[in-house]
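Heads up, start.pdb below (PDB, C-alpha atoms and all ligand atoms):
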```pdb
MODEL        1
ATOM      1  CA  MET A 246       6.284  -2.883  19.354  1.00  0.00           C
ATOM      2  CA  THR A 247       2.586  -3.672  18.795  1.00  0.00           C
ATOM      3  CA  LYS A 248       1.357  -1.041  16.405  1.00  0.00           C
ATOM      4  CA  LYS A 249      -1.853   0.246  17.930  1.00  0.00           C
ATOM      5  CA  ILE A 250      -2.327   3.455  15.967  1.00  0.00           C
ATOM      6  CA  ILE A 251      -4.187   3.190  12.671  1.00  0.00           C
ATOM      7  CA  VAL A 252      -3.856   6.420  10.676  1.00  0.00           C
ATOM      8  CA  ALA A 253      -7.045   7.213   8.719  1.00  0.00           C
ATOM      9  CA  LEU A 254      -6.101   8.143   5.143  1.00  0.00           C
ATOM     10  CA  ASP A 255      -9.178  10.287   4.562  1.00  0.00           C
ATOM     11  CA  PHE A 256      -8.103  11.736   1.228  1.00  0.00           C
ATOM     12  CA  ASN A 257      -9.664  11.926  -2.235  1.00  0.00           C
ATOM     13  CA  ALA A 258      -6.519  11.409  -4.307  1.00  0.00           C
ATOM     14  CA  GLU A 259      -3.506   9.128  -4.430  1.00  0.00           C
ATOM     15  CA  ASP A 260      -0.850  11.854  -4.302  1.00  0.00           C
ATOM     16  CA  LYS A 261      -2.230  13.203  -1.029  1.00  0.00           C
ATOM     17  CA  ALA A 262      -2.269   9.757   0.584  1.00  0.00           C
ATOM     18  CA  LEU A 263       1.190   8.807  -0.648  1.00  0.00           C
ATOM     19  CA  SER A 264       2.773  12.104   0.332  1.00  0.00           C
ATOM     20  CA  LEU A 265       1.492  11.622   3.889  1.00  0.00           C
ATOM     21  CA  LEU A 266       2.936   8.097   3.889  1.00  0.00           C
ATOM     22  CA  ASP A 267       6.293   9.555   2.819  1.00  0.00           C
ATOM     23  CA  SER A 268       6.405  11.248   6.199  1.00  0.00           C
ATOM     24  CA  LEU A 269       5.374   8.201   8.262  1.00  0.00           C
ATOM     25  CA  ASP A 270       7.274   5.058   9.260  1.00  0.00           C
ATOM     26  CA  ALA A 271       5.476   1.773   8.555  1.00  0.00           C
ATOM     27  CA  LYS A 272       7.044   0.340  11.722  1.00  0.00           C
ATOM     28  CA  GLN A 273       5.197   2.928  13.812  1.00  0.00           C
ATOM     29  CA  CYS A 274       1.595   2.635  12.550  1.00  0.00           C
ATOM     30  CA  ARG A 275      -0.911   0.964  10.294  1.00  0.00           C
ATOM     31  CA  VAL A 276      -3.262   2.816   7.945  1.00  0.00           C
ATOM     32  CA  LYS A 277      -6.958   2.855   7.161  1.00  0.00           C
ATOM     33  CA  VAL A 278      -8.321   3.196   3.628  1.00  0.00           C
ATOM     34  CA  GLY A 279     -12.002   4.111   3.556  1.00  0.00           C
ATOM     35  CA  LYS A 280     -14.722   4.589   0.983  1.00  0.00           C
ATOM     36  CA  GLU A 281     -13.522   7.974  -0.285  1.00  0.00           C
ATOM     37  CA  LEU A 282      -9.937   7.020  -1.084  1.00  0.00           C
ATOM     38  CA  PHE A 283     -10.835   3.547  -2.313  1.00  0.00           C
ATOM     39  CA  THR A 284     -13.553   4.877  -4.608  1.00  0.00           C
ATOM     40  CA  ALA A 285     -11.137   7.459  -5.998  1.00  0.00           C
ATOM     41  CA  CYS A 286      -8.109   5.209  -6.442  1.00  0.00           C
ATOM     42  CA  GLY A 287      -9.134   1.533  -6.320  1.00  0.00           C
ATOM     43  CA  PRO A 288      -7.047  -1.556  -5.613  1.00  0.00           C
ATOM     44  CA  GLN A 289      -3.932  -0.197  -7.349  1.00  0.00           C
ATOM     45  CA  LEU A 290      -3.426   2.158  -4.460  1.00  0.00           C
ATOM     46  CA  ILE A 291      -3.720  -0.714  -1.985  1.00  0.00           C
ATOM     47  CA  THR A 292      -0.707  -2.331  -3.650  1.00  0.00           C
ATOM     48  CA  LYS A 293       1.264   0.931  -3.615  1.00  0.00           C
ATOM     49  CA  ILE A 294       0.606   1.406   0.092  1.00  0.00           C
ATOM     50  CA  GLN A 295       1.586  -2.186   0.825  1.00  0.00           C
ATOM     51  CA  ASP A 296       4.781  -1.781  -1.221  1.00  0.00           C
ATOM     52  CA  ARG A 297       5.729   0.937   1.269  1.00  0.00           C
ATOM     53  CA  GLY A 298       5.367  -1.590   4.068  1.00  0.00           C
ATOM     54  CA  PHE A 299       2.096  -0.431   5.636  1.00  0.00           C
ATOM     55  CA  ASP A 300      -0.600  -2.823   6.886  1.00  0.00           C
ATOM     56  CA  ILE A 301      -4.029  -1.766   5.651  1.00  0.00           C
ATOM     57  CA  PHE A 302      -7.401  -1.693   7.378  1.00  0.00           C
ATOM     58  CA  LEU A 303      -9.827  -1.654   4.433  1.00  0.00           C
ATOM     59  CA  ASP A 304     -12.782   0.234   5.902  1.00  0.00           C
ATOM     60  CA  LEU A 305     -15.497  -0.429   3.313  1.00  0.00           C
ATOM     61  CA  LYS A 306     -18.174  -1.609   5.790  1.00  0.00           C
ATOM     62  CA  PHE A 307     -19.694  -4.269   3.551  1.00  0.00           C
ATOM     63  CA  HIS A 308     -23.459  -4.740   4.008  1.00  0.00           C
ATOM     64  CA  ASP A 309     -25.364  -6.869   1.482  1.00  0.00           C
ATOM     65  CA  ILE A 310     -26.743 -10.368   1.031  1.00  0.00           C
ATOM     66  CA  PRO A 311     -24.418 -13.009   2.522  1.00  0.00           C
ATOM     67  CA  ASN A 312     -23.180 -14.344  -0.826  1.00  0.00           C
ATOM     68  CA  THR A 313     -22.251 -10.891  -2.128  1.00  0.00           C
ATOM     69  CA  VAL A 314     -20.473  -9.903   1.075  1.00  0.00           C
ATOM     70  CA  ALA A 315     -18.578 -13.212   1.202  1.00  0.00           C
ATOM     71  CA  ASN A 316     -17.369 -12.679  -2.360  1.00  0.00           C
ATOM     72  CA  ALA A 317     -16.283  -9.095  -1.654  1.00  0.00           C
ATOM     73  CA  VAL A 318     -14.474 -10.204   1.486  1.00  0.00           C
ATOM     74  CA  ARG A 319     -12.675 -12.933  -0.477  1.00  0.00           C
ATOM     75  CA  VAL A 320     -11.434 -10.358  -3.015  1.00  0.00           C
ATOM     76  CA  ALA A 321     -10.277  -8.033  -0.231  1.00  0.00           C
ATOM     77  CA  ALA A 322      -8.435 -10.914   1.454  1.00  0.00           C
ATOM     78  CA  ASP A 323      -6.710 -11.731  -1.833  1.00  0.00           C
ATOM     79  CA  MET A 324      -5.410  -8.147  -1.858  1.00  0.00           C
ATOM     80  CA  GLY A 325      -3.616  -8.985   1.361  1.00  0.00           C
ATOM     81  CA  VAL A 326      -5.220  -6.382   3.591  1.00  0.00           C
ATOM     82  CA  TRP A 327      -4.587  -6.691   7.336  1.00  0.00           C
ATOM     83  CA  MET A 328      -8.133  -5.889   8.516  1.00  0.00           C
ATOM     84  CA  LEU A 329     -11.542  -5.347   6.929  1.00  0.00           C
ATOM     85  CA  ASN A 330     -15.074  -4.773   8.123  1.00  0.00           C
ATOM     86  CA  VAL A 331     -18.772  -5.399   7.593  1.00  0.00           C
ATOM     87  CA  HIS A 332     -21.953  -4.007   9.174  1.00  0.00           C
ATOM     88  CA  ALA A 333     -23.160  -6.260  11.997  1.00  0.00           C
ATOM     89  CA  SER A 334     -26.727  -5.242  11.119  1.00  0.00           C
ATOM     90  CA  GLY A 335     -26.319  -7.356   7.963  1.00  0.00           C
ATOM     91  CA  GLY A 336     -27.059 -10.262  10.309  1.00  0.00           C
ATOM     92  CA  ARG A 337     -25.490 -13.438  11.611  1.00  0.00           C
ATOM     93  CA  GLU A 338     -25.528 -15.380   8.341  1.00  0.00           C
ATOM     94  CA  MET A 339     -23.865 -12.529   6.467  1.00  0.00           C
ATOM     95  CA  MET A 340     -21.110 -12.321   9.089  1.00  0.00           C
ATOM     96  CA  GLU A 341     -20.642 -16.102   9.208  1.00  0.00           C
ATOM     97  CA  LYS A 342     -20.337 -16.319   5.424  1.00  0.00           C
ATOM     98  CA  ALA A 343     -17.827 -13.442   5.471  1.00  0.00           C
ATOM     99  CA  ARG A 344     -15.809 -15.239   8.148  1.00  0.00           C
ATOM    100  CA  GLU A 345     -15.918 -18.530   6.198  1.00  0.00           C
ATOM    101  CA  ALA A 346     -14.684 -16.761   3.066  1.00  0.00           C
ATOM    102  CA  LEU A 347     -11.578 -15.753   4.999  1.00  0.00           C
ATOM    103  CA  GLU A 348     -10.783 -19.316   6.053  1.00  0.00           C
ATOM    104  CA  GLU A 349      -9.464 -19.899   2.539  1.00  0.00           C
ATOM    105  CA  SER A 350      -6.676 -17.392   3.238  1.00  0.00           C
ATOM    106  CA  GLY A 351      -5.270 -19.645   5.992  1.00  0.00           C
ATOM    107  CA  SER A 352      -3.348 -18.332   8.974  1.00  0.00           C
ATOM    108  CA  GLU A 353      -2.430 -15.105   7.161  1.00  0.00           C
ATOM    109  CA  ARG A 354      -6.080 -14.144   6.846  1.00  0.00           C
ATOM    110  CA  PRO A 355      -7.139 -10.567   7.538  1.00  0.00           C
ATOM    111  CA  LEU A 356      -8.875  -9.685  10.781  1.00  0.00           C
ATOM    112  CA  LEU A 357     -12.611  -9.290  10.245  1.00  0.00           C
ATOM    113  CA  ILE A 358     -14.439  -6.784  12.404  1.00  0.00           C
ATOM    114  CA  ALA A 359     -17.953  -5.327  12.454  1.00  0.00           C
ATOM    115  CA  VAL A 360     -19.514  -1.921  12.781  1.00  0.00           C
ATOM    116  CA  THR A 361     -22.332  -2.033  15.334  1.00  0.00           C
ATOM    117  CA  VAL A 362     -24.315   1.243  15.428  1.00  0.00           C
ATOM    118  CA  LEU A 363     -22.917   4.186  13.483  1.00  0.00           C
ATOM    119  CA  THR A 364     -21.991   6.927  15.952  1.00  0.00           C
ATOM    120  CA  SER A 365     -23.784   9.426  13.709  1.00  0.00           C
ATOM    121  CA  LEU A 366     -27.112   7.831  14.747  1.00  0.00           C
ATOM    122  CA  ALA A 367     -28.872   9.250  17.801  1.00  0.00           C
ATOM    123  CA  GLU A 368     -31.675   7.360  19.559  1.00  0.00           C
ATOM    124  CA  ASP A 369     -34.296   9.262  17.513  1.00  0.00           C
ATOM    125  CA  ASP A 370     -32.642   8.004  14.353  1.00  0.00           C
ATOM    126  CA  LEU A 371     -32.758   4.445  15.712  1.00  0.00           C
ATOM    127  CA  ARG A 372     -36.502   4.804  16.398  1.00  0.00           C
ATOM    128  CA  GLN A 373     -37.014   5.900  12.782  1.00  0.00           C
ATOM    129  CA  ILE A 374     -35.504   2.643  11.562  1.00  0.00           C
ATOM    130  CA  GLY A 375     -37.526   0.550  13.997  1.00  0.00           C
ATOM    131  CA  ILE A 376     -34.975   0.034  16.782  1.00  0.00           C
ATOM    132  CA  GLU A 377     -36.699   0.632  20.103  1.00  0.00           C
ATOM    133  CA  VAL A 378     -33.866  -0.196  22.521  1.00  0.00           C
ATOM    134  CA  SER A 379     -31.185   2.237  23.720  1.00  0.00           C
ATOM    135  CA  THR A 380     -28.064   2.795  21.611  1.00  0.00           C
ATOM    136  CA  GLU A 381     -26.005   1.081  24.292  1.00  0.00           C
ATOM    137  CA  GLU A 382     -28.205  -2.010  24.236  1.00  0.00           C
ATOM    138  CA  GLN A 383     -28.147  -2.187  20.448  1.00  0.00           C
ATOM    139  CA  VAL A 384     -24.348  -1.786  20.386  1.00  0.00           C
ATOM    140  CA  SER A 385     -23.989  -4.599  22.937  1.00  0.00           C
ATOM    141  CA  ARG A 386     -26.400  -6.844  21.109  1.00  0.00           C
ATOM    142  CA  LEU A 387     -24.594  -6.416  17.782  1.00  0.00           C
ATOM    143  CA  ALA A 388     -21.166  -6.812  19.402  1.00  0.00           C
ATOM    144  CA  PHE A 389     -22.252 -10.160  20.914  1.00  0.00           C
ATOM    145  CA  LEU A 390     -23.739 -11.230  17.600  1.00  0.00           C
ATOM    146  CA  SER A 391     -20.435 -10.377  15.865  1.00  0.00           C
ATOM    147  CA  HIS A 392     -18.510 -12.405  18.437  1.00  0.00           C
ATOM    148  CA  ASP A 393     -20.894 -15.367  18.117  1.00  0.00           C
ATOM    149  CA  ALA A 394     -20.577 -15.229  14.324  1.00  0.00           C
ATOM    150  CA  GLY A 395     -16.809 -15.718  14.704  1.00  0.00           C
ATOM    151  CA  LEU A 396     -15.659 -12.186  13.970  1.00  0.00           C
ATOM    152  CA  ASP A 397     -12.447 -10.835  15.470  1.00  0.00           C
ATOM    153  CA  GLY A 398     -13.813  -7.598  16.896  1.00  0.00           C
ATOM    154  CA  VAL A 399     -15.913  -4.483  16.451  1.00  0.00           C
ATOM    155  CA  VAL A 400     -15.426  -0.803  15.795  1.00  0.00           C
ATOM    156  CA  CYS A 401     -16.653   1.056  18.856  1.00  0.00           C
ATOM    157  CA  SER A 402     -16.794   4.630  20.055  1.00  0.00           C
ATOM    158  CA  ALA A 403     -14.686   5.816  22.962  1.00  0.00           C
ATOM    159  CA  ALA A 404     -17.858   5.942  25.034  1.00  0.00           C
ATOM    160  CA  GLU A 405     -18.629   2.270  24.431  1.00  0.00           C
ATOM    161  CA  THR A 406     -15.197   0.760  24.958  1.00  0.00           C
ATOM    162  CA  ARG A 407     -15.290   0.174  28.686  1.00  0.00           C
ATOM    163  CA  LEU A 408     -18.719  -1.473  28.601  1.00  0.00           C
ATOM    164  CA  LEU A 409     -17.818  -3.781  25.704  1.00  0.00           C
ATOM    165  CA  ARG A 410     -14.447  -4.705  27.204  1.00  0.00           C
ATOM    166  CA  ALA A 411     -16.217  -5.791  30.376  1.00  0.00           C
ATOM    167  CA  GLN A 412     -18.634  -7.966  28.400  1.00  0.00           C
ATOM    168  CA  LEU A 413     -16.420  -9.563  25.773  1.00  0.00           C
ATOM    169  CA  PRO A 414     -13.239 -11.683  25.898  1.00  0.00           C
ATOM    170  CA  ALA A 415      -9.854  -9.958  26.010  1.00  0.00           C
ATOM    171  CA  GLU A 416      -8.819 -11.231  22.570  1.00  0.00           C
ATOM    172  CA  PHE A 417     -11.910  -9.678  20.909  1.00  0.00           C
ATOM    173  CA  CYS A 418     -10.561  -6.535  19.204  1.00  0.00           C
ATOM    174  CA  LEU A 419     -12.066  -3.153  19.977  1.00  0.00           C
ATOM    175  CA  VAL A 420     -11.116  -0.599  17.349  1.00  0.00           C
ATOM    176  CA  THR A 421     -11.808   2.958  18.466  1.00  0.00           C
ATOM    177  CA  PRO A 422     -11.988   6.220  16.459  1.00  0.00           C
ATOM    178  CA  GLY A 423     -12.595   9.685  17.942  1.00  0.00           C
ATOM    179  CA  ILE A 424      -9.189   9.875  19.623  1.00  0.00           C
ATOM    180  CA  ARG A 425      -7.688  13.267  20.462  1.00  0.00           C
ATOM    181  CA  ARG A 426      -4.813  14.624  22.539  1.00  0.00           C
ATOM    182  CA  ALA A 427      -5.715  17.385  25.005  1.00  0.00           C
ATOM    183  CA  ALA A 428      -4.617  20.134  22.609  1.00  0.00           C
ATOM    184  CA  ASP A 429      -6.294  18.727  19.483  1.00  0.00           C
ATOM    185  CA  ALA A 430      -9.447  20.205  18.003  1.00  0.00           C
ATOM    186  CA  SER A 431     -12.283  17.686  18.268  1.00  0.00           C
ATOM    187  CA  GLY A 432     -13.567  18.641  14.775  1.00  0.00           C
ATOM    188  CA  ASP A 433     -16.904  16.975  14.091  1.00  0.00           C
ATOM    189  CA  GLN A 434     -16.309  14.234  16.685  1.00  0.00           C
ATOM    190  CA  LYS A 435     -18.850  14.687  19.484  1.00  0.00           C
ATOM    191  CA  ARG A 436     -17.247  12.507  22.140  1.00  0.00           C
ATOM    192  CA  VAL A 437     -13.494  12.206  22.117  1.00  0.00           C
ATOM    193  CA  LEU A 438     -11.007  10.434  24.356  1.00  0.00           C
ATOM    194  CA  GLY A 439      -7.246  10.649  24.822  1.00  0.00           C
ATOM    195  CA  PRO A 440      -5.083   7.796  23.501  1.00  0.00           C
ATOM    196  CA  ALA A 441      -3.918   6.602  26.923  1.00  0.00           C
ATOM    197  CA  GLU A 442      -7.466   6.622  28.324  1.00  0.00           C
ATOM    198  CA  ALA A 443      -8.808   4.699  25.339  1.00  0.00           C
ATOM    199  CA  ILE A 444      -6.177   1.968  25.763  1.00  0.00           C
ATOM    200  CA  SER A 445      -6.789   1.873  29.530  1.00  0.00           C
ATOM    201  CA  ASN A 446     -10.501   1.437  28.848  1.00  0.00           C
ATOM    202  CA  GLY A 447      -9.738  -1.625  26.750  1.00  0.00           C
ATOM    203  CA  SER A 448      -9.288  -0.474  23.145  1.00  0.00           C
ATOM    204  CA  SER A 449      -7.062  -2.743  21.078  1.00  0.00           C
ATOM    205  CA  TYR A 450      -6.403  -0.277  18.243  1.00  0.00           C
ATOM    206  CA  LEU A 451      -6.996   3.462  17.870  1.00  0.00           C
ATOM    207  CA  VAL A 452      -8.049   5.078  14.597  1.00  0.00           C
ATOM    208  CA  VAL A 453      -6.599   8.580  14.342  1.00  0.00           C
ATOM    209  CA  GLY A 454      -7.181  10.849  11.364  1.00  0.00           C
ATOM    210  CA  ARG A 455      -6.819  14.624  11.364  1.00  0.00           C
ATOM    211  CA  PRO A 456      -4.655  14.991  14.494  1.00  0.00           C
ATOM    212  CA  ILE A 457      -1.947  13.174  12.491  1.00  0.00           C
ATOM    213  CA  THR A 458      -2.828  13.805   8.838  1.00  0.00           C
ATOM    214  CA  GLN A 459      -3.267  17.571   9.297  1.00  0.00           C
ATOM    215  CA  ALA A 460      -0.380  18.040  11.738  1.00  0.00           C
ATOM    216  CA  GLU A 461       2.542  20.247  10.811  1.00  0.00           C
ATOM    217  CA  SER A 462       4.724  17.212  11.427  1.00  0.00           C
ATOM    218  CA  PRO A 463       2.675  14.002  11.046  1.00  0.00           C
ATOM    219  CA  SER A 464       5.598  11.885  12.252  1.00  0.00           C
ATOM    220  CA  ASP A 465       5.978  13.950  15.443  1.00  0.00           C
ATOM    221  CA  ALA A 466       2.232  13.714  16.067  1.00  0.00           C
ATOM    222  CA  LEU A 467       2.337   9.945  15.521  1.00  0.00           C
ATOM    223  CA  ALA A 468       5.284   9.670  17.914  1.00  0.00           C
ATOM    224  CA  GLU A 469       3.249  11.488  20.575  1.00  0.00           C
ATOM    225  CA  PHE A 470       0.306   9.145  20.133  1.00  0.00           C
ATOM    226  CA  ASN A 471       2.626   6.129  20.328  1.00  0.00           C
ATOM    227  CA  LEU A 472       4.241   7.485  23.470  1.00  0.00           C
ATOM    228  CA  ALA A 473       0.855   7.957  25.143  1.00  0.00           C
ATOM    229  CA  VAL A 474      -0.188   4.421  24.155  1.00  0.00           C
ATOM    230  CA  ALA A 475       3.116   2.956  25.411  1.00  0.00           C
ATOM    231  CA  SER A 476       2.648   4.692  28.766  1.00  0.00           C
ATOM    232  CA  VAL A 477      -0.330   2.451  29.530  1.00  0.00           C
ATOM    233  CA  SER A 478       0.410  -0.705  27.484  1.00  0.00           C
TER     234      SER A 478
HETATM  235  O1  LIG B   1      -9.996  12.722  11.693  1.00  0.00           O
HETATM  236  P1  LIG B   1     -10.555  11.779  12.706  1.00  0.00           P
HETATM  237  O2  LIG B   1      -9.541  11.325  13.744  1.00  0.00           O
HETATM  238  O3  LIG B   1     -11.843  12.277  13.338  1.00  0.00           O
HETATM  239  O4  LIG B   1     -10.901  10.486  11.843  1.00  0.00           O
HETATM  240  C1  LIG B   1     -11.541   9.360  12.387  1.00  0.00           C
HETATM  241  C2  LIG B   1     -11.697   8.286  11.360  1.00  0.00           C
HETATM  242  O5  LIG B   1     -12.473   7.232  11.948  1.00  0.00           O
HETATM  243  C3  LIG B   1     -12.442   8.696  10.092  1.00  0.00           C
HETATM  244  O6  LIG B   1     -11.925   7.900   9.015  1.00  0.00           O
HETATM  245  C4  LIG B   1     -13.864   8.322  10.383  1.00  0.00           C
HETATM  246  O7  LIG B   1     -14.606   8.032   9.229  1.00  0.00           O
HETATM  247  C5  LIG B   1     -13.678   7.053  11.212  1.00  0.00           C
HETATM  248  N1  LIG B   1     -14.792   6.726  12.092  1.00  0.00           N
HETATM  249  C6  LIG B   1     -15.255   7.599  13.059  1.00  0.00           C
HETATM  250  N2  LIG B   1     -16.314   7.245  13.836  1.00  0.00           N
HETATM  251  C7  LIG B   1     -16.893   6.061  13.693  1.00  0.00           C
HETATM  252  C8  LIG B   1     -16.432   5.159  12.744  1.00  0.00           C
HETATM  253  C9  LIG B   1     -15.358   5.537  11.948  1.00  0.00           C
HETATM  254  O8  LIG B   1     -14.709   8.686  13.215  1.00  0.00           O
HETATM  255  N3  LIG B   1     -17.883   5.716  14.479  1.00  0.00           N
ENDMDL
END
```
Mind converting the file's structure to C-alpha cells?
Amino acid sequence: MTKKIIVALDFNAEDKALSLLDSLDAKQCRVKVGKELFTACGPQLITKIQDRGFDIFLDLKFHDIPNTVANAVRVAADMGVWMLNVHASGGREMMEKAREALEESGSERPLLIAVTVLTSLAEDDLRQIGIEVSTEEQVSRLAFLSHDAGLDGVVCSAAETRLLRAQLPAEFCLVTPGIRRAADASGDQKRVLGPAEAISNGSSYLVVGRPITQAESPSDALAEFNLAVASVS
C-alpha cells in the first residue's frame, strides 16, 4: 500500500513521541517531526524513530541564504529522512541550491518540498509584508517557482489543493494538513477537509496530527484514515 498518511509528532519530549509510535505500525503511516520535537530531542531521536521502521518528514522549513540552506539540507539528507522542506519565499536560488545538495544522496535522496504561504497569514498580514496580490495568487506563484526550481512538491492547505492540482503536473507532490473526519474537533484549524475529499482533490499525502495522536486508540484512528484514503485511491 502507498502510505499517504503522515502522522504529525507534535510533542515536546522523546517519551511522548516514542510511546505513540509504540501504538502505530510503520507499514501503515509515515511520521512528521517538526520544530518543537526536533529542538527538544535533536538528531538522536530521528535515528530512534527510523530504527522503529518509520519514514520521517523533517518539517524544519529551512529559510536562509542559499549556502546555509544547502548545507542544512545536506545534513538532513545524511540522516536519511524521507522528506524535508524549505520556505519557497527564500527564492529560486535558495531552492535550487537545496535541490542540488540532495543530488549527492543519489536515487535514495529525500523528497524536497516547499511551504508557499503560511496558512496563519491572512491577506492583511500579506499586505504588511509588502505582498499586494491575493493569497491564492501568491500560493500559485510560489508553487510554480518551487516546481521550476526542481522541487518535488509543496505543502498546501485543503482549500488550495484543487487549484494547484489543476495547474501542476500529477507527479508534483501536494502535502496537505488540516485533515479531519466528520466527528473530529477542528481545533485551531480554520478550514478542514475529510481525508477522502482531500485525496479526491489531488493531495498526494495528508498530514494528520491530533485526530490520531490524541485518539483513545491511535491505531484505530489511523486505520480509519487509511480506509477513507483507500476508498478513493
Ligand atoms: O493536529 P493537526 O492535525 O491540526 O496537525 C497538523 C500538523 O500540520 C501540525 O504539525 C501543523 O503544524 C502542520 N501544519 C498545519 N498547517 C499548515 C502547515 C503545517 O497544520 N499550513
Residues within 12 Å of (-27.3, 6.6, 21.7), file coords, only C-alpha atoms, listed as a PyMOL selection string: chain A and resi 361-372+376-385+402+404-405+435-436
Produce as an MDAnalysis selection string the set of residues near ligand LIG 1 (chain B), where near means within 9 Å with all atoms listed in the file considered. chainID A and resid 252:255 277:280 304 360:365 400:402 421:425 431:434 437 451:459
Which polymer residues, protein or nucleic acid, are no farther than 7 Å from (0.6, 1.9, 11.5), counting all atoms listed in the file, as a ChimeraX atom specification? /A:248,250-252,271-276,299-300
Closest contacts (region 349-461 of chain A/region 466-473 of chain A, max 7 Å, all atoms listed in the file) as a tab-separated table:
```
residue	atom	partner	partner_atom	distance
A:Pro440	CA	A:Ala473	CA	6.2
A:Ala441	CA	A:Ala473	CA	5.3
A:Ile457	CA	A:Ala466	CA	5.5
A:Ala460	CA	A:Ala466	CA	6.7
```
Hey, can you check how far CA of Asn312 (chain A) sits from CA of Phe283 (chain A)?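 Computing the Euclidean distance for CA of Asn312 (chain A) and CA of Phe283 (chain A) yields 21.8 Å.
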Going by the chain IDs and residue numbers used in this file, which residues fall under the PyMOL selection byres (((chain A and resi 390) around 12) and not hetatm)? Write them as a ChimeraX atom specification. /A:332-341,358-361,383-389,391-399,413
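The interatomic distance for the pair CA of Glu416 (chain A) and CA of Glu353 (chain A) works out to 17.1 Å.
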For the structure provided, state which residues fall under the PyMOL selection byres (((chain A and resi 290) around 12) and not hetatm), and present them as a PyMOL selection string. chain A and resi 254+257-263+278-279+282-289+291-297+299+301+303+324+326
Residues as selected, C-alpha atoms, written as a tab-separated table (two decimals), in the coordinates of the input, can you do that?
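The resulting file, out-v5.tsv, is reproduced below:
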```tsv
chain	number	residue	atom	x	y	z
A	254	LEU	CA	-6.10	8.14	5.14
A	257	ASN	CA	-9.66	11.93	-2.24
A	258	ALA	CA	-6.52	11.41	-4.31
A	259	GLU	CA	-3.51	9.13	-4.43
A	260	ASP	CA	-0.85	11.85	-4.30
A	261	LYS	CA	-2.23	13.20	-1.03
A	262	ALA	CA	-2.27	9.76	0.58
A	263	LEU	CA	1.19	8.81	-0.65
A	278	VAL	CA	-8.32	3.20	3.63
A	279	GLY	CA	-12.00	4.11	3.56
A	282	LEU	CA	-9.94	7.02	-1.08
A	283	PHE	CA	-10.84	3.55	-2.31
A	284	THR	CA	-13.55	4.88	-4.61
A	285	ALA	CA	-11.14	7.46	-6.00
A	286	CYS	CA	-8.11	5.21	-6.44
A	287	GLY	CA	-9.13	1.53	-6.32
A	288	PRO	CA	-7.05	-1.56	-5.61
A	289	GLN	CA	-3.93	-0.20	-7.35
A	291	ILE	CA	-3.72	-0.71	-1.98
A	292	THR	CA	-0.71	-2.33	-3.65
A	293	LYS	CA	1.26	0.93	-3.62
A	294	ILE	CA	0.61	1.41	0.09
A	295	GLN	CA	1.59	-2.19	0.82
A	296	ASP	CA	4.78	-1.78	-1.22
A	297	ARG	CA	5.73	0.94	1.27
A	299	PHE	CA	2.10	-0.43	5.64
A	301	ILE	CA	-4.03	-1.77	5.65
A	303	LEU	CA	-9.83	-1.65	4.43
A	324	MET	CA	-5.41	-8.15	-1.86
A	326	VAL	CA	-5.22	-6.38	3.59
```
Considering only C-alpha atoms, state which residue in the set A:Thr247, A:Asp309, A:Gly375, A:Leu357 is at the smallest distance from Ser478 (chain A). A:Thr247
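The space between CA of Ala317 (chain A) and CA of Glu349 (chain A) spans 13.4 Å.
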Hits of the PyMOL selection byres (((chain A and resi 320) around 12) and not hetatm) in this structure, as a ChimeraX atom specification: /A:288,303,313-319,321-326,329,343,346-347,349-350,354-355
Contact residues around Thr406 (chain A) with all atoms listed in the file at 9 Å, ignoring same-chain residues under 4 positions, as a count of residues only: 11
Reconstruct N, CA, C and O atoms of region 351-359 of chain A from the incomplete input and present them as a PDB file, keeping the file's coordinate frame.
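Final file, part.pdb:
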```
ATOM      1  N   GLY A 351      -6.145 -18.985   5.028  1.00  0.00           N
ATOM      2  CA  GLY A 351      -5.270 -19.645   5.992  1.00  0.00           C
ATOM      3  C   GLY A 351      -4.899 -18.754   7.155  1.00  0.00           C
ATOM      4  O   GLY A 351      -5.628 -17.826   7.512  1.00  0.00           O
ATOM      5  N   SER A 352      -3.715 -19.017   7.737  1.00  0.00           N
ATOM      6  CA  SER A 352      -3.348 -18.332   8.974  1.00  0.00           C
ATOM      7  C   SER A 352      -3.017 -16.858   8.737  1.00  0.00           C
ATOM      8  O   SER A 352      -3.006 -16.049   9.658  1.00  0.00           O
ATOM      9  N   GLU A 353      -2.766 -16.500   7.487  1.00  0.00           N
ATOM     10  CA  GLU A 353      -2.430 -15.105   7.161  1.00  0.00           C
ATOM     11  C   GLU A 353      -3.680 -14.277   6.874  1.00  0.00           C
ATOM     12  O   GLU A 353      -3.599 -13.188   6.337  1.00  0.00           O
ATOM     13  N   ARG A 354      -4.831 -14.829   7.224  1.00  0.00           N
ATOM     14  CA  ARG A 354      -6.080 -14.144   6.846  1.00  0.00           C
ATOM     15  C   ARG A 354      -6.199 -12.780   7.537  1.00  0.00           C
ATOM     16  O   ARG A 354      -5.670 -12.575   8.637  1.00  0.00           O
ATOM     17  N   PRO A 355      -6.920 -11.859   6.889  1.00  0.00           N
ATOM     18  CA  PRO A 355      -7.139 -10.567   7.538  1.00  0.00           C
ATOM     19  C   PRO A 355      -8.027 -10.721   8.764  1.00  0.00           C
ATOM     20  O   PRO A 355      -8.806 -11.673   8.857  1.00  0.00           O
ATOM     21  N   LEU A 356      -7.930  -9.766   9.672  1.00  0.00           N
ATOM     22  CA  LEU A 356      -8.875  -9.685  10.781  1.00  0.00           C
ATOM     23  C   LEU A 356     -10.190  -9.157  10.219  1.00  0.00           C
ATOM     24  O   LEU A 356     -10.192  -8.261   9.365  1.00  0.00           O
ATOM     25  N   LEU A 357     -11.300  -9.718  10.711  1.00  0.00           N
ATOM     26  CA  LEU A 357     -12.611  -9.290  10.245  1.00  0.00           C
ATOM     27  C   LEU A 357     -13.375  -8.697  11.429  1.00  0.00           C
ATOM     28  O   LEU A 357     -13.607  -9.376  12.429  1.00  0.00           O
ATOM     29  N   ILE A 358     -13.726  -7.431  11.305  1.00  0.00           N
ATOM     30  CA  ILE A 358     -14.439  -6.784  12.404  1.00  0.00           C
ATOM     31  C   ILE A 358     -15.772  -6.215  11.896  1.00  0.00           C
ATOM     32  O   ILE A 358     -16.001  -6.168  10.685  1.00  0.00           O
ATOM     33  N   ALA A 359     -16.619  -5.823  12.835  1.00  0.00           N
ATOM     34  CA  ALA A 359     -17.953  -5.327  12.454  1.00  0.00           C
ATOM     35  C   ALA A 359     -18.184  -3.936  13.005  1.00  0.00           C
ATOM     36  O   ALA A 359     -17.664  -3.574  14.058  1.00  0.00           O
TER      37      ALA A 359
END
```
